[in-house]
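**Student:** Structure below; questions to follow.
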Amino acid sequence: MLRPRGTLARILDDRANGLGALRLLLAATVVVSHVFPLGWGRPDPLWLWSGRQTDLGKAAVLGFFALSGFVITESARRLPPGRYLWHRALRIGPGLGGSLLFSAAVLMPALYWWQHGTLGGFWTRPDGPLSYLTSLGSAAPTTGWDVSGVIAEGVRSGTNFDRSLNGALWSLKYELLCYLAAGLLAALGLLRRRAFVASAALALWLLVASGAVDLPAEVPPAGGPGVALPLLGLVTFHLAATLGLAFLLGGVLRLYAERIPLHDALALTAALVLTGSARWGGFAVLGVPALVYLLFWAASALPRRWRAIGVRGDYSYGVYVFGFPVEQALALTGAARFGPLGFLAGALAVTGLLAALSWHLVEAPALRLRSWTPGQRRRAAGRGPRPPAPPRQPRTPSQPPPKPPGVTSP
């Protein structure tokens, strides 16, 4: 029976709100999507079924950006700019650094030894692990990053079909741009003006609907016109518009949470729009808003025990940044012989283990530094050493005891 589930604001009142479960599901969907191009050199089924509009991985990334916009909008409104940027850096940087270090110093040496029976020459090559670690911010990973030719050798031998060690990282620069945009709007006081944010989302939707930022025909979608930015490399207009739209839609839902109804009938309508637009066209214009609504409805509709996923530990980011290298390693070592289900099972098992280790050993300890403040600033904020209390004056028996502050005589 179709029934109402209150407004979107209800999920804000409960820590077990389902958003953690959805993030983990979306991250796992990205791993599922990469099984086909990495294991067999063909796109996932949704790519062809949707008329090359999207695939499972890109749809999941759009969902990520919507959830991120919902959460980040409130964070940017609530925190001072410096503290906001510090929190964002702690959430992205340590986990990403751990993934890069693991890939360059553990995974790639093991695969190089698998191929050559020795580590001779691995560490000293121009495209070695040090080059991989230090060049992250200067180029797009989808151009074919490798470490000491390991993936290139897999491509030559026919086990691998993508030249990137971690092609999933293409979305992180767009996420960073969305974070910076949200921080800038908050600093200007515009993020508190709900009508302004809603108007910005409408303007971006109209831009996408106009066809001015058509989807390039590459997977991952790295092509098309764009602009080269310092440290980030090429930012394409299409991806900036479509991912920015998903992020803004999440922000609008957060700002109007008390007015957004969550109803099973609306969710069913959104599911039909999403399916129809993916199959027959209009996914970027109609399907993305439908997907965003459907995600937040799902957060409220999940059983209670499922909504609690992610409350004690958020493994979703680790799944995202470790999944692609793990699948490349499985392809190189011949895991495709176990078929798509066997390949996927191995990828999820290994990626899940690495994501758990990343959370408990790297990400969670880093997040405990969110309230850290440099000593000079602590003193300026009045948190430095307290001045010594004045000496207490002796009291004679005729003197009444002092009254507590704020207490008056009857």
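To be explicit about the labels: the chains of the structure tokens are called A, B, and onward in the order shown, and within each one the residues are counted from 1, while ligands get numbers from 1 in the order they are shown.
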Output as a count of residues only all residues of stretch 34-273 of chain A that backbone DSSP marks as helix (DSSP H, G or I).

**Tutor:** 160

**Student:** Just the residues within 6 Å of stretch 281-297 of chain A, please, counting only C-alpha atoms, with nothing from its chain fewer than 2 positions along; format it as a PDB file with N, CA, C and O atoms, in the first residue's frame.

**Tutor:**
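Just written: result.pdb:
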ATOM      1  N   ALA A 209      19.444  20.954 -19.879  1.00  0.00           N
ATOM      2  CA  ALA A 209      18.323  20.665 -20.776  1.00  0.00           C
ATOM      3  C   ALA A 209      18.513  21.289 -22.154  1.00  0.00           C
ATOM      4  O   ALA A 209      18.001  20.777 -23.162  1.00  0.00           O
ATOM      5  N   LEU A 262       7.876  12.965   1.541  1.00  0.00           N
ATOM      6  CA  LEU A 262       8.350  11.633   1.162  1.00  0.00           C
ATOM      7  C   LEU A 262       7.127  10.728   1.108  1.00  0.00           C
ATOM      8  O   LEU A 262       6.511  10.444   2.136  1.00  0.00           O
ATOM      9  N   ALA A 267       7.596   8.287  -4.990  1.00  0.00           N
ATOM     10  CA  ALA A 267       8.754   7.441  -5.265  1.00  0.00           C
ATOM     11  C   ALA A 267       8.497   6.522  -6.456  1.00  0.00           C
ATOM     12  O   ALA A 267       9.378   6.303  -7.296  1.00  0.00           O
ATOM     13  N   ALA A 270       8.809   8.618  -9.513  1.00  0.00           N
ATOM     14  CA  ALA A 270      10.226   8.887  -9.787  1.00  0.00           C
ATOM     15  C   ALA A 270      10.911   7.671 -10.399  1.00  0.00           C
ATOM     16  O   ALA A 270      11.734   7.801 -11.314  1.00  0.00           O
ATOM     17  N   LEU A 274      12.689   7.671 -13.961  1.00  0.00           N
ATOM     18  CA  LEU A 274      14.089   7.275 -14.056  1.00  0.00           C
ATOM     19  C   LEU A 274      14.278   6.164 -15.075  1.00  0.00           C
ATOM     20  O   LEU A 274      15.168   6.231 -15.941  1.00  0.00           O
ATOM     21  N   SER A 277      13.400   7.509 -18.747  1.00  0.00           N
ATOM     22  CA  SER A 277      14.395   8.422 -19.306  1.00  0.00           C
ATOM     23  C   SER A 277      15.701   7.702 -19.605  1.00  0.00           C
ATOM     24  O   SER A 277      16.389   8.038 -20.582  1.00  0.00           O
ATOM     25  N   ALA A 278      16.057   6.718 -18.791  1.00  0.00           N
ATOM     26  CA  ALA A 278      17.272   5.955 -19.069  1.00  0.00           C
ATOM     27  C   ALA A 278      17.115   5.110 -20.337  1.00  0.00           C
ATOM     28  O   ALA A 278      18.070   4.945 -21.100  1.00  0.00           O
ATOM     29  N   ALA A 299      16.096   6.330   1.750  1.00  0.00           N
ATOM     30  CA  ALA A 299      16.690   6.510   3.079  1.00  0.00           C
ATOM     31  C   ALA A 299      15.645   6.406   4.167  1.00  0.00           C
ATOM     32  O   ALA A 299      15.919   5.908   5.264  1.00  0.00           O
ATOM     33  N   SER A 300      14.440   6.868   3.895  1.00  0.00           N
ATOM     34  CA  SER A 300      13.380   6.798   4.901  1.00  0.00           C
ATOM     35  C   SER A 300      12.647   5.472   4.887  1.00  0.00           C
ATOM     36  O   SER A 300      12.029   5.089   5.881  1.00  0.00           O
TER      37      SER A 300
END

**Student:** Could you work out how far atom CA of A:Ala21 lies from atom CA of A:Pro365, giving the answer in Å with one decimal?

**Tutor:** 21.3 Å

**Student:** Point out the residue among A:Phe161, A:Tyr256, A:Trp280, A:Phe343 with the least atom-to-atom distance to A:Arg192, counting only C-alpha atoms.

**Tutor:**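 Looking only at the distances to A:Arg192, the closest residue turns out to be A:Tyr256.
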
**Student:** Would you pick out the contacts of A:Leu245 at 8 Å or less, using only C-alpha atoms, so that residues sharing its chain but fewer than 6 positions from it are not included, and give the list as JSON, numbers by chain?

**Tutor:** {"A": [201, 204, 205]}

**Student:** Any chance you could list, as a list in words, the residues in stretch 95-300 of chain A that come up strand (DSSP E or B) when DSSP is run on the backbone?

**Tutor:**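 Taking stretch 95-300 of chain A and keeping strand (DSSP E or B) gives Gly226, Val227, Ala228, Leu229, Gly233, Leu234, Val235, Thr236, Pro261, Leu262 and His263 of chain A.
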
**Student:** Residues within 12 Å of A:Val35, please, as a count of residues only. Count only C-alpha atoms; anything in the same chain fewer than 4 positions from it doesn't count.

**Tutor:** 38
